[in-house]
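Below is one structure; the comments refer to it alone.
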Amino acid sequence: MAKELWKGNEAIAEAAIRAGCDCFFGYPITPQSEVPEYMSLHMPEHGKVFVQSESEVAAINMVYGAAGSGMRAMTSSSSPGISLKQEGITYLAGAELPAVIVNCMRGGPGLGTIQPGQGDYYQATRGGGNGDYRTVVLAPSNIQEAVDFTQEAFDIADQYRNPVMVVCDGLIGQMMEPIEWRELPKRNLAPKDWATTGKHGRDHTNVVNSLFIDPNECDVHNDHLAAKYAEMEKNEVRWDEHNCEDAEVIITAYGTPARIALTAIEQLREEGVKAGLFRPITLWPFPEKALHDLAAKPQVKAFVDVEMSSTGQMIDDVRLAVEGQKPISYLGHAGGVMPTVEEMVEAAKKALKEVK
Amino acid sequence: MAIVYQKSAGLTDKQLHYCPGCHHGIIHKLVAESLVELGLLDDAIGVCPVGCSVFAYNYFNCDMQEAAHGRAPAVATGIKRTHPNQPIFTYQGDGDLASIGTAEIVHAAMRGEKFTTIFVNNAIYGMTGGQMAPTTLIGQKATTCPLGRTKEQAGMPIRMAEMLATLDGCVYAERVCVADMANLNKAKKAIKKAFQLQMENKGFTFVEVLSTCPTNWGMTPLKAVEWLKENMAAYYPLGVVKDIETEAK
């Protein structure tokens, strides 16, 4: 199939339509506004629902209502807006409703900047709202992945009855790249016989709810959710390794920094430094075992974690996976300032020098 | 033997958790009877709030969703837009609707969302133990205004039916109470009319029901009914606030 040139945010919107998204509820915020803009025009063309909500809080609760009544529902936003959606996301998880949430991340904290960032890693991978829950978090590194993951996110959400996040930094939302519209494998999904569709003769009422006032019932419910998260950890973890077979220094990065790292690794190899890239594709579940095993290899001497974050956030998961087997150093900038190839090359050389 | 009265088929057999003298049970019954009499029960999807009626999903004999505090109108929007031919309703209290959920109710009304909101106004936060609500009357005592609400400290109580009636998308707003049989019958009529207008795709419909909270008002059920009629109905006038049908005539 011929390749087409698409802008990231528009491609994500089109991918959702192709995945059978029934309804989209959104609110404008830079740098994701092209998603609701695209949806406002094209969802009605397919006989589907678009509503511009009064707030991000309302948008995620519209998603809750629609998802609870059996629809494929989606919303998108950017960092400060995703913070507002956290209430709805924890209710979705608690009530076991499938939904797709796209975060086109910008720099923070607070209003931060409208430029690309990766400072929402903790929020995305630790639940983000109140209570014990997890969402599968897919992190595309290019627009082809953004398109594929958005489509797949609906199936993952439906399979586990759980919200799924597609987390891309603003750069992926804003840039254009050639992509291919591919037919993705469909999952075998159970009918949504739990949805509130109206009784229509059913002998019981369907109730969508996250309230378990009896602490014992709440405990049982949480155990059930935990078992589901364990299933996701078993089945959904994804990552990519590039030039790791013989690598002595390994860069860990996701999203845009992982793309920049490819050039850095090329340059390092030209200079005779054996460098590789370990790229988590699911931020949760994190590819902990794969990274642990990589760190155990004798030829691996050091790790350099690179993020668009000033403090580093994914580095905590890298540390948990590496478990002190090898040293880990950090390179990062927040809010629109990209880690450069030169910085990565220098950081990798420095990391190796410190252990040799 | 002739049956002269029975529990509505619109309610389940679950025992209500409401306090003695609370009007929620009566209001549930009126909503349930209205859905049955209009032949809508089997198709209906309700949304319940956070507040005393948080467990309403156990009581209504139709599919139900439990919303986050104040968000019921957004949840109902998500349901109605994807199920445009089905009767959808929210059932909300005054903390839920008139405080934390003002954005959601105002914008649902502004968009003319075609669902019905039953707004139960008892001038207090009941479930959390009697705190001041935006609807608490001036001089009325609550646990967060122990000396009585003052205008200077908390402003004047909010009249939601009048406020929403200013929006074009709201086609019907009426304030009722269930404090005696005559008013109860009017309340039932109002609820039925709201659902009828919804099914005719007219727009957003709103019924505010003044209700007692003997427990948190610190009164007997009978005294609470008197207090409602004397004080609440004086500040929150009963009757039709807006009806596009009569306006069109």
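Labeling convention for the structure tokens: chains A, B, ... as they appear, residues from 1 per chain, ligands from 1 in order of appearance.
Residues from chain A that have an atom within 7 Å of chain B, counting only C-alpha atoms, are Val49, Glu54, Ala58, Asn61, Met62, Val63, Tyr64, Gly65, Ala66, Ser69, Thr196, Thr197, Gly198, Lys199, His200, Gly201, Thr205, Asn206, Val207, Val208 and Asn209 of chain A.
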Residues of region 1-209 of chain B in helix (DSSP H, G or I) according to DSSP, as a VMD selection string? chain B and resid 24 to 37 41 to 43 52 to 59 72 to 82 94 to 100 102 to 111 151 to 154 160 to 165 181 to 199
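Using only C-alpha atoms, the smallest distance between any of A:Ala247, A:Ile265, A:Ile315, A:Val136 and Ile281 (chain A) comes from A:Val136.
Residue nearest Cys244 (chain A), chosen from A:Arg259, A:Lys301, A:Lys228, A:His221 and counting only C-alpha atoms: A:Lys301.
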I'd like the neighbourhood of Leu189 (chain A) as a list of chain:residue names, where a residue qualifies if any of its atoms comes within 8 Å (using only C-alpha atoms), though same-chain residues fewer than 4 positions away should be ignored. A:Asp155, A:Asp158, A:Gln159
DSSP on the backbone: which residues in region 11-173 of chain B end up as strand (DSSP E or B)? Give the answer as a PyMOL selection string. chain B and resi 11+45-48+60+63-66+88-93+116-121+125+131+138+142+145+149+170-173
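Residues with any atom within 9 Å of Thr311 (chain A), counting only C-alpha atoms and excluding same-chain neighbours fewer than 3 positions away, are A:Gly119, A:Glu307, A:Tyr330, A:Gly332, A:His333, A:Ala334.
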List the spatial neighbours of Ala194 (chain B) as a PyMOL selection string - criterion: any atom at most 8 Å away, only C-alpha atoms, same-chain residues fewer than 4 positions off excluded. chain B and resi 116+172+190+198+205-207
Who sits within 7 Å of Ala161 (chain B), only C-alpha atoms, same chain under 2 positions skipped, as a PyMOL selection string: chain B and resi 159+163-165+173-175+208+241
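Minimum atom-to-atom distance to Thr117 (chain B), evaluated using only C-alpha atoms, belongs to B:Cys170 out of B:Ala142, B:Ala2, B:Ile158, B:Cys170.
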Which is closest to Ala133 (chain B) among B:Leu222, B:Cys145, B:Leu35, B:Ile105, if we use only C-alpha atoms? B:Cys145
All residues 9 Å or closer to Tyr235 (chain B), only C-alpha atoms, same chain fewer than 4 positions away omitted, as a ChimeraX atom specification: /B:137,157,159,231
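CA of Pro163 (chain A) sits 6.5 Å away from CA of Leu92 (chain A).
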